[in-house]
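J.: Got coords_0.csv for you, CSV, C-alpha atoms:
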```csv
chain,number,residue,atom,x,y,z
A,251,MET,CA,19.1,-6.9,5.2
A,252,ARG,CA,16.5,-6.9,2.6
A,253,ARG,CA,13.2,-5.0,2.7
A,254,ARG,CA,10.1,-6.9,2.9
A,255,LEU,CA,8.0,-6.2,-0.1
A,256,GLY,CA,4.2,-6.0,0.0
A,257,ILE,CA,1.9,-4.2,-2.3
A,258,ALA,CA,4.8,-2.5,-4.2
A,259,ALA,CA,6.3,-5.8,-5.2
A,260,THR,CA,3.1,-6.9,-6.8
A,261,ALA,CA,2.9,-3.7,-8.8
A,262,PHE,CA,6.6,-3.8,-9.8
A,263,VAL,CA,6.0,-7.3,-11.2
A,264,ALA,CA,2.9,-6.2,-13.0
A,265,LEU,CA,4.7,-3.3,-14.5
A,266,ALA,CA,7.6,-5.4,-15.6
A,267,LEU,CA,5.3,-7.8,-17.4
A,268,LEU,CA,3.7,-5.0,-19.3
A,269,GLY,CA,6.7,-3.3,-20.6
A,270,PRO,CA,9.3,-3.9,-23.3
A,271,PRO,CA,12.5,-5.7,-22.2
A,272,ALA,CA,14.5,-2.5,-21.6
A,273,LEU,CA,11.7,-1.1,-19.4
A,274,ALA,CA,11.2,-4.4,-17.7
A,275,ASP,CA,14.9,-4.5,-16.9
A,276,LYS,CA,14.6,-1.0,-15.3
A,277,ILE,CA,11.6,-2.0,-13.3
A,278,ASP,CA,13.4,-5.2,-12.2
A,279,ASP,CA,16.4,-3.2,-11.2
A,280,ALA,CA,14.3,-0.7,-9.4
A,281,GLN,CA,12.6,-3.5,-7.5
A,282,ALA,CA,15.9,-4.9,-6.5
A,283,ALA,CA,17.2,-1.5,-5.5
A,284,PHE,CA,14.1,-0.9,-3.3
A,285,ALA,CA,14.5,-4.3,-1.7
A,286,ASP,CA,18.1,-3.5,-0.9
A,287,PHE,CA,17.2,-0.1,0.6
A,288,ASP,CA,18.8,1.8,-2.3
A,289,ASP,CA,15.8,4.1,-2.6
A,290,GLN,CA,17.7,6.7,-4.6
A,291,LYS,CA,18.6,4.2,-7.3
A,292,ALA,CA,15.0,2.9,-7.3
A,293,LEU,CA,13.7,6.5,-7.7
A,294,LYS,CA,16.1,7.2,-10.6
A,295,LEU,CA,15.1,4.0,-12.4
A,296,LEU,CA,11.4,4.7,-11.8
A,297,GLY,CA,11.9,8.3,-13.1
A,298,GLU,CA,13.4,6.8,-16.3
A,299,ALA,CA,10.5,4.3,-16.6
A,300,LEU,CA,8.0,7.2,-16.2
A,301,ALA,CA,9.7,9.2,-19.0
A,302,GLU,CA,9.7,6.1,-21.3
A,303,SER,CA,6.1,5.3,-20.5
A,304,GLN,CA,4.6,8.5,-21.9
A,305,GLY,CA,1.7,7.6,-24.1
A,306,ASP,CA,1.0,4.4,-22.2
A,307,PRO,CA,-1.5,5.4,-19.4
A,308,ARG,CA,-1.6,2.0,-17.8
A,309,ARG,CA,2.2,1.7,-17.5
A,310,LEU,CA,2.3,5.3,-16.3
A,311,ALA,CA,-0.2,4.5,-13.5
A,312,LEU,CA,1.8,1.6,-12.3
A,313,ALA,CA,5.1,3.5,-12.5
A,314,TYR,CA,3.5,6.4,-10.5
A,315,PHE,CA,2.2,3.9,-8.0
A,316,ASN,CA,5.6,2.3,-7.5
A,317,ARG,CA,7.4,5.6,-7.2
A,318,GLY,CA,4.8,6.6,-4.6
A,319,GLU,CA,5.6,3.5,-2.6
A,320,VAL,CA,9.3,4.3,-2.6
A,321,TYR,CA,8.6,7.9,-1.5
A,322,ALA,CA,6.3,6.7,1.2
A,323,SER,CA,8.9,4.2,2.5
A,324,THR,CA,11.3,7.1,3.0
A,325,GLY,CA,8.8,9.3,4.8
A,326,ALA,CA,8.4,11.7,1.8
A,327,TYR,CA,4.6,11.6,2.0
A,328,ASP,CA,3.9,14.7,0.0
A,329,PRO,CA,5.6,13.4,-3.2
A,330,ALA,CA,4.0,10.0,-2.5
A,331,LEU,CA,0.6,11.5,-2.3
A,332,ALA,CA,1.2,13.4,-5.6
A,333,ASP,CA,2.3,10.1,-7.3
A,334,PHE,CA,-0.6,8.1,-5.9
A,335,THR,CA,-3.0,10.8,-7.0
A,336,ALA,CA,-1.4,10.9,-10.5
A,337,ALA,CA,-1.8,7.1,-10.7
A,338,LEU,CA,-5.5,7.3,-9.7
A,339,ALA,CA,-6.1,9.8,-12.6
A,340,LEU,CA,-5.0,7.2,-15.1
A,341,PRO,CA,-6.7,3.9,-16.1
A,342,GLN,CA,-6.3,1.1,-13.6
A,343,ASP,CA,-8.3,-2.1,-13.0
A,344,ASP,CA,-10.3,-2.3,-9.8
A,345,GLY,CA,-7.6,-4.2,-7.9
A,346,GLU,CA,-4.8,-1.8,-8.9
A,347,ARG,CA,-7.0,1.2,-8.0
A,348,ALA,CA,-7.9,-0.4,-4.6
A,349,LEU,CA,-4.2,-0.9,-3.8
A,350,THR,CA,-3.4,2.7,-4.9
A,351,LEU,CA,-6.2,4.0,-2.7
A,352,ILE,CA,-4.9,2.0,0.3
A,353,SER,CA,-1.4,3.3,-0.2
A,354,ARG,CA,-2.7,6.9,-0.6
A,355,ALA,CA,-4.8,6.4,2.6
A,356,GLU,CA,-1.7,5.3,4.5
A,357,ALA,CA,0.2,8.4,3.3
A,358,TYR,CA,-2.7,10.6,4.3
A,359,ASN,CA,-2.8,8.9,7.6
A,360,ARG,CA,0.9,9.7,8.1
A,361,ARG,CA,0.2,13.4,7.4
A,362,ASN,CA,-2.8,13.3,9.9
A,363,ARG,CA,-5.2,14.0,7.0
A,364,ASN,CA,-7.6,11.6,8.6
A,365,ASP,CA,-10.8,12.4,6.7
A,366,GLU,CA,-9.1,11.9,3.4
A,367,ALA,CA,-7.5,8.7,4.6
A,368,LEU,CA,-10.9,7.4,5.7
A,369,LYS,CA,-12.5,8.3,2.3
A,370,ASP,CA,-9.7,6.4,0.5
A,371,TYR,CA,-10.0,3.3,2.7
A,372,ASP,CA,-13.8,3.4,2.1
A,373,ALA,CA,-13.3,3.7,-1.7
A,374,SER,CA,-10.8,0.9,-1.7
A,375,LEU,CA,-13.2,-1.4,0.1
A,376,ILE,CA,-15.9,-0.7,-2.4
A,377,LEU,CA,-13.6,-1.8,-5.2
A,378,ALA,CA,-12.0,-4.8,-3.4
A,379,PRO,CA,-14.2,-5.7,-0.4
A,380,GLU,CA,-12.1,-8.7,0.6
A,381,GLN,CA,-8.7,-7.0,0.4
A,382,LEU,CA,-6.5,-8.4,3.2
A,383,GLY,CA,-5.5,-5.7,5.7
A,384,ALA,CA,-7.7,-2.8,4.4
A,385,ARG,CA,-10.3,-3.1,7.2
A,386,THR,CA,-7.5,-3.5,9.8
A,387,ALA,CA,-5.8,-0.3,8.5
A,388,ARG,CA,-9.0,1.6,8.6
A,389,GLY,CA,-9.8,0.2,12.0
A,390,GLN,CA,-6.4,1.4,13.3
A,391,LEU,CA,-7.1,4.9,11.9
A,392,GLN,CA,-10.6,4.8,13.5
A,393,GLN,CA,-9.0,3.9,16.8
A,394,LYS,CA,-6.4,6.7,16.4
A,395,ILE,CA,-9.1,9.3,16.0
A,396,GLY,CA,-11.2,7.9,18.9
A,397,ASN,CA,-13.9,6.0,17.0
A,398,LYS,CA,-13.8,2.9,19.1
A,399,ASP,CA,-17.0,1.3,17.9
A,400,ALA,CA,-16.0,1.8,14.2
A,401,ALA,CA,-12.5,0.4,14.9
A,402,LEU,CA,-13.9,-2.7,16.6
A,403,ALA,CA,-16.4,-3.2,13.7
A,404,ASP,CA,-13.5,-3.0,11.2
A,405,PHE,CA,-11.3,-5.5,13.2
A,406,ASP,CA,-14.2,-7.9,13.5
A,407,ALA,CA,-15.1,-7.6,9.8
A,408,GLU,CA,-11.5,-8.3,8.9
A,409,LEU,CA,-11.4,-11.3,11.2
A,410,LYS,CA,-14.6,-12.6,9.7
A,411,LEU,CA,-13.0,-12.6,6.2
A,412,HIS,CA,-9.5,-13.5,7.4
A,413,PRO,CA,-9.7,-15.3,10.8
A,414,THR,CA,-5.9,-15.7,11.2
A,415,TYR,CA,-4.9,-12.1,10.2
A,416,TYR,CA,-2.6,-11.3,13.1
A,417,ARG,CA,-2.7,-7.5,12.8
A,418,ALA,CA,-6.5,-7.6,13.1
A,419,GLN,CA,-6.2,-9.9,16.1
A,420,VAL,CA,-3.7,-7.5,17.8
A,421,GLY,CA,-5.8,-4.4,16.9
A,422,ARG,CA,-8.9,-6.0,18.4
A,423,ALA,CA,-7.1,-7.2,21.6
A,424,VAL,CA,-5.4,-3.8,22.2
A,425,LEU,CA,-8.8,-2.0,21.6
A,426,LEU,CA,-10.6,-4.2,24.1
A,427,GLY,CA,-7.7,-4.4,26.6
A,428,LEU,CA,-7.3,-8.2,26.1
A,429,PRO,CA,-4.1,-10.2,26.2
A,430,LEU,CA,-2.3,-10.1,22.9
A,431,PRO,CA,-2.6,-13.3,20.8
A,432,PRO,CA,0.6,-15.3,20.3
A,433,ASP,CA,2.8,-14.0,17.5
A,434,PRO,CA,2.7,-16.6,14.7
A,435,THR,CA,6.3,-15.6,13.6
A,436,LYS,CA,7.8,-16.3,17.1
A,437,GLY,CA,10.0,-19.3,17.0
A,438,ARG,CA,10.4,-19.3,13.2
A,439,ARG,CA,13.7,-18.9,11.6
```
Would you write the structure of this file as structure tokens?

T.:
Amino acid sequence: MRRRLGIAATAFVALALLGPPALADKIDDAQAAFADFDDQKALKLLGEALAESQGDPRRLALAYFNRGEVYASTGAYDPALADFTAALALPQDDGERALTLISRAEAYNRRNRNDEALKDYDASLILAPEQLGARTARGQLQQKIGNKDAALADFDAELKLHPTYYRAQVGRAVLLGLPLPPDPTKGRR
């Protein structure tokens, strides 16, 4: 079974395009290892990519981000937080910075560091106000900490931007005690 790639896959591809062929091969191999649940191999390759990227702050930021994603996927949230924070200290464009902030917010959320998670979600939305899923993730955190009105506002704002976003539909329905919307993936092969 292959892992579904989301944000990390985008950054893996971006990093591969930036680097020399040997580095691109390592990043491609790390992406493949991550997709095949070989996290140790992915971490090893990303460690090598980080060592080879010294002096290239943009490549370092992307490599730290990707390693943070692998750590987070294994439940190693403290190393993930360290890598996301290292990536944020380096130059990134607004889209990359927003994705890194979202990933760090999710790691903070997993560590129940809710105030820090909310700050990162807020900062990501300033940089990328139409980012799919960011408002839903913040809404889920708001719901978790008991801020029902803020959660509903986030779900509604997400659905205004992305009317068919299923996670926002489900979050809103659960919050309001409504029937769940039909799962668009049911019946697909």

J.: Under the rule that all atoms listed in the file are counted, which of A:Leu295, A:Ala423, A:Ala373, A:Ala407 is the nearest residue to Asp275 in chain A?

T.: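 Among the listed residues, A:Leu295 lies closest to Asp275 in chain A.
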
J.: For Ala384 in chain A, which residue out of A:Ala292, A:Ala357, A:Ala401, A:Ile352 is the nearest one, using only C-alpha atoms?

T.: A:Ile352

J.: Find the residues around range 311-325 of chain A up to 9 Å (only C-alpha atoms counted), leave out those fewer than 4 positions away in its own chain, and share them as a CSV table (one decimal) with C-alpha atoms, keeping the file's coordinate frame.

T.:
```csv
chain,number,residue,atom,x,y,z
A,257,ILE,CA,1.9,-4.2,-2.3
A,258,ALA,CA,4.8,-2.5,-4.2
A,259,ALA,CA,6.3,-5.8,-5.2
A,261,ALA,CA,2.9,-3.7,-8.8
A,262,PHE,CA,6.6,-3.8,-9.8
A,264,ALA,CA,2.9,-6.2,-13.0
A,265,LEU,CA,4.7,-3.3,-14.5
A,277,ILE,CA,11.6,-2.0,-13.3
A,284,PHE,CA,14.1,-0.9,-3.3
A,289,ASP,CA,15.8,4.1,-2.6
A,290,GLN,CA,17.7,6.7,-4.6
A,292,ALA,CA,15.0,2.9,-7.3
A,293,LEU,CA,13.7,6.5,-7.7
A,296,LEU,CA,11.4,4.7,-11.8
A,297,GLY,CA,11.9,8.3,-13.1
A,299,ALA,CA,10.5,4.3,-16.6
A,300,LEU,CA,8.0,7.2,-16.2
A,303,SER,CA,6.1,5.3,-20.5
A,306,ASP,CA,1.0,4.4,-22.2
A,307,PRO,CA,-1.5,5.4,-19.4
A,329,PRO,CA,5.6,13.4,-3.2
A,330,ALA,CA,4.0,10.0,-2.5
A,331,LEU,CA,0.6,11.5,-2.3
A,332,ALA,CA,1.2,13.4,-5.6
A,333,ASP,CA,2.3,10.1,-7.3
A,334,PHE,CA,-0.6,8.1,-5.9
A,335,THR,CA,-3.0,10.8,-7.0
A,336,ALA,CA,-1.4,10.9,-10.5
A,337,ALA,CA,-1.8,7.1,-10.7
A,338,LEU,CA,-5.5,7.3,-9.7
A,339,ALA,CA,-6.1,9.8,-12.6
A,340,LEU,CA,-5.0,7.2,-15.1
A,341,PRO,CA,-6.7,3.9,-16.1
A,342,GLN,CA,-6.3,1.1,-13.6
A,346,GLU,CA,-4.8,-1.8,-8.9
A,350,THR,CA,-3.4,2.7,-4.9
A,353,SER,CA,-1.4,3.3,-0.2
A,354,ARG,CA,-2.7,6.9,-0.6
A,356,GLU,CA,-1.7,5.3,4.5
A,357,ALA,CA,0.2,8.4,3.3
A,360,ARG,CA,0.9,9.7,8.1
```

J.: Between CA of Arg347 in chain A and CA of Ala387 in chain A, what is the distance, to one decimal in Å?

T.: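 Answer for the CA of Arg347 in chain A to CA of Ala387 in chain A separation: 16.6 Å.
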
J.: By how many Å are CA of Asp279 in chain A and CA of Arg309 in chain A apart?

T.: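 About the pair CA of Asp279 in chain A and CA of Arg309 in chain A: they are 16.3 Å apart.
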
J.: Using all atoms listed in the file, which of A:Gly345, A:Tyr416, A:Asn364, A:Pro432 sits nearest Gly396 in chain A?

T.: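 Among A:Gly345, A:Tyr416, A:Asn364, A:Pro432, it is A:Asn364 that comes nearest to Gly396 in chain A.
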
J.: Could you tell me how far CA of Gln392 in chain A sits from CA of Tyr415 in chain A, in Å to one decimal place?

T.: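 Computed distance, CA of Tyr415 in chain A to CA of Gln392 in chain A, equals 18.1 Å.
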
J.: With only C-alpha atoms as the counted atoms, please give the residues lying no more than 7 Å from Asp404 in chain A, apart from itself and same-chain residues fewer than 2 positions off, as a list in words.

T.: Arg385, Thr386, Arg388, Gly389, Ala400, Ala401, Leu402, Asp406, Ala407 and Glu408 of chain A

J.: Using all atoms listed in the file, which of the listed residues (A:Lys369, A:Arg363, A:Arg422, A:His412) sits closest to Tyr327 in chain A?

T.: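 Of all the options, A:Arg363 lies closest to Tyr327 in chain A.
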
J.: Is it possible to produce a file of range 262-404 of chain A from this structure, with C-alpha atoms, as a short mmCIF file (atom, residue, chain, number, x, y, z; two decimals), in the first residue's frame?

T.:
```
data_model
loop_
_atom_site.label_atom_id
_atom_site.label_comp_id
_atom_site.auth_asym_id
_atom_site.auth_seq_id
_atom_site.Cartn_x
_atom_site.Cartn_y
_atom_site.Cartn_z
CA PHE A 262 9.62 17.12 -2.54
CA VAL A 263 8.99 17.95 -6.20
CA ALA A 264 10.01 21.58 -5.70
CA LEU A 265 13.21 20.55 -3.97
CA ALA A 266 14.02 18.06 -6.70
CA LEU A 267 13.65 20.76 -9.33
CA LEU A 268 16.01 23.09 -7.49
CA GLY A 269 18.88 20.76 -6.92
CA PRO A 270 21.68 19.28 -9.00
CA PRO A 271 20.98 15.84 -10.49
CA ALA A 272 22.58 13.89 -7.60
CA LEU A 273 20.53 15.83 -5.04
CA ALA A 274 17.40 15.53 -7.17
CA ASP A 275 17.93 11.75 -7.28
CA LYS A 276 18.18 11.64 -3.47
CA ILE A 277 15.03 13.68 -3.11
CA ASP A 278 13.21 11.51 -5.66
CA ASP A 279 14.39 8.43 -3.78
CA ALA A 280 13.31 9.96 -0.46
CA GLN A 281 9.88 10.73 -1.90
CA ALA A 282 9.54 7.16 -3.14
CA ALA A 283 10.68 5.79 0.22
CA PHE A 284 8.18 8.00 2.05
CA ALA A 285 5.37 6.92 -0.28
CA ASP A 286 6.27 3.28 0.38
CA PHE A 287 6.32 3.79 4.18
CA ASP A 288 10.11 3.40 4.35
CA ASP A 289 10.49 6.38 6.64
CA GLN A 290 13.99 5.44 7.83
CA LYS A 291 15.29 5.48 4.26
CA ALA A 292 13.51 8.77 3.58
CA LEU A 293 15.05 10.30 6.72
CA LYS A 294 18.51 9.05 5.74
CA LEU A 295 18.24 10.50 2.24
CA LEU A 296 16.88 13.80 3.54
CA GLY A 297 19.73 13.97 6.07
CA GLU A 298 22.18 13.58 3.19
CA ALA A 299 20.32 16.21 1.17
CA LEU A 300 20.51 18.60 4.15
CA ALA A 301 24.26 18.04 4.46
CA GLU A 302 24.75 18.67 0.77
CA SER A 303 22.53 21.77 0.79
CA GLN A 304 24.68 23.84 3.17
CA GLY A 305 25.10 27.28 1.68
CA ASP A 306 21.80 27.13 -0.20
CA PRO A 307 19.18 28.51 2.22
CA ARG A 308 16.21 27.89 -0.07
CA ARG A 309 17.13 24.23 -0.58
CA LEU A 310 17.79 23.86 3.15
CA ALA A 311 14.33 25.23 3.95
CA LEU A 312 12.68 22.74 1.64
CA ALA A 313 14.75 19.84 2.95
CA TYR A 314 13.95 20.75 6.57
CA PHE A 315 10.28 21.01 5.67
CA ASN A 316 10.26 17.59 4.05
CA ARG A 317 12.13 15.93 6.89
CA GLY A 318 9.63 17.52 9.28
CA GLU A 319 6.81 15.97 7.27
CA VAL A 320 8.40 12.53 7.55
CA TYR A 321 8.94 12.96 11.29
CA ALA A 322 5.35 14.12 11.77
CA SER A 323 4.02 11.14 9.82
CA THR A 324 5.78 8.82 12.29
CA GLY A 325 4.50 10.66 15.36
CA ALA A 326 7.90 12.21 16.15
CA TYR A 327 6.40 15.65 16.67
CA ASP A 328 9.27 17.27 18.58
CA PRO A 329 11.82 16.66 15.79
CA ALA A 330 9.15 17.69 13.28
CA LEU A 331 8.59 20.96 15.14
CA ALA A 332 12.34 21.59 15.20
CA ASP A 333 12.60 21.03 11.44
CA PHE A 334 9.56 23.17 10.60
CA THR A 335 10.96 25.94 12.79
CA ALA A 336 14.37 25.63 11.07
CA ALA A 337 12.65 25.87 7.67
CA LEU A 338 10.76 28.99 8.77
CA ALA A 339 14.04 30.66 9.77
CA LEU A 340 15.23 30.38 6.16
CA PRO A 341 14.05 32.14 2.99
CA GLN A 342 10.79 30.77 1.56
CA ASP A 343 8.20 32.23 -0.75
CA ASP A 344 4.80 32.99 0.77
CA GLY A 345 3.23 29.72 -0.42
CA GLU A 346 6.05 27.60 1.00
CA ARG A 347 6.00 29.53 4.27
CA ALA A 348 2.22 29.09 4.54
CA LEU A 349 2.52 25.32 4.02
CA THR A 350 5.31 25.10 6.58
CA LEU A 351 3.23 27.06 9.09
CA ILE A 352 0.28 24.72 8.52
CA SER A 353 2.47 21.66 9.04
CA ARG A 354 3.96 23.15 12.20
CA ALA A 355 0.46 24.05 13.43
CA GLU A 356 -0.61 20.44 12.94
CA ALA A 357 2.42 19.23 14.91
CA TYR A 358 1.69 21.74 17.67
CA ASN A 359 -1.91 20.53 17.70
CA ARG A 360 -0.74 16.92 18.15
CA ARG A 361 1.33 18.07 21.16
CA ASN A 362 -1.71 19.98 22.56
CA ARG A 363 0.14 23.26 22.17
CA ASN A 364 -3.09 24.87 21.02
CA ASP A 365 -2.18 28.56 21.31
CA GLU A 366 0.92 28.06 19.17
CA ALA A 367 -1.07 26.02 16.65
CA LEU A 368 -3.70 28.76 16.34
CA LYS A 369 -1.00 31.41 15.81
CA ASP A 370 0.54 29.36 13.00
CA TYR A 371 -2.82 28.74 11.32
CA ASP A 372 -3.55 32.47 11.54
CA ALA A 373 -0.15 33.36 10.08
CA SER A 374 -0.55 30.84 7.25
CA LEU A 375 -3.91 32.33 6.30
CA ILE A 376 -2.41 35.81 6.13
CA LEU A 377 0.14 34.51 3.61
CA ALA A 378 -2.23 32.25 1.64
CA PRO A 379 -5.84 33.20 2.42
CA GLU A 380 -7.33 30.72 -0.05
CA GLN A 381 -5.24 27.70 1.01
CA LEU A 382 -7.43 24.62 0.79
CA GLY A 383 -7.96 23.00 4.19
CA ALA A 384 -6.27 25.60 6.40
CA ARG A 385 -9.52 27.05 7.72
CA THR A 386 -10.94 23.56 8.23
CA ALA A 387 -7.89 22.50 10.23
CA ARG A 388 -8.11 25.65 12.34
CA GLY A 389 -11.86 25.06 12.76
CA GLN A 390 -11.22 21.53 13.99
CA LEU A 391 -8.73 22.88 16.52
CA GLN A 392 -11.22 25.57 17.58
CA GLN A 393 -13.83 22.87 18.07
CA LYS A 394 -11.37 20.74 20.07
CA ILE A 395 -10.71 23.59 22.51
CA GLY A 396 -14.39 24.49 22.82
CA ASN A 397 -14.62 27.58 20.61
CA LYS A 398 -17.77 26.49 18.76
CA ASP A 399 -18.54 29.87 17.17
CA ALA A 400 -14.98 30.27 15.86
CA ALA A 401 -15.02 26.70 14.55
CA LEU A 402 -18.29 27.27 12.71
CA ALA A 403 -16.96 30.52 11.24
CA ASP A 404 -13.89 28.66 9.93
#
```
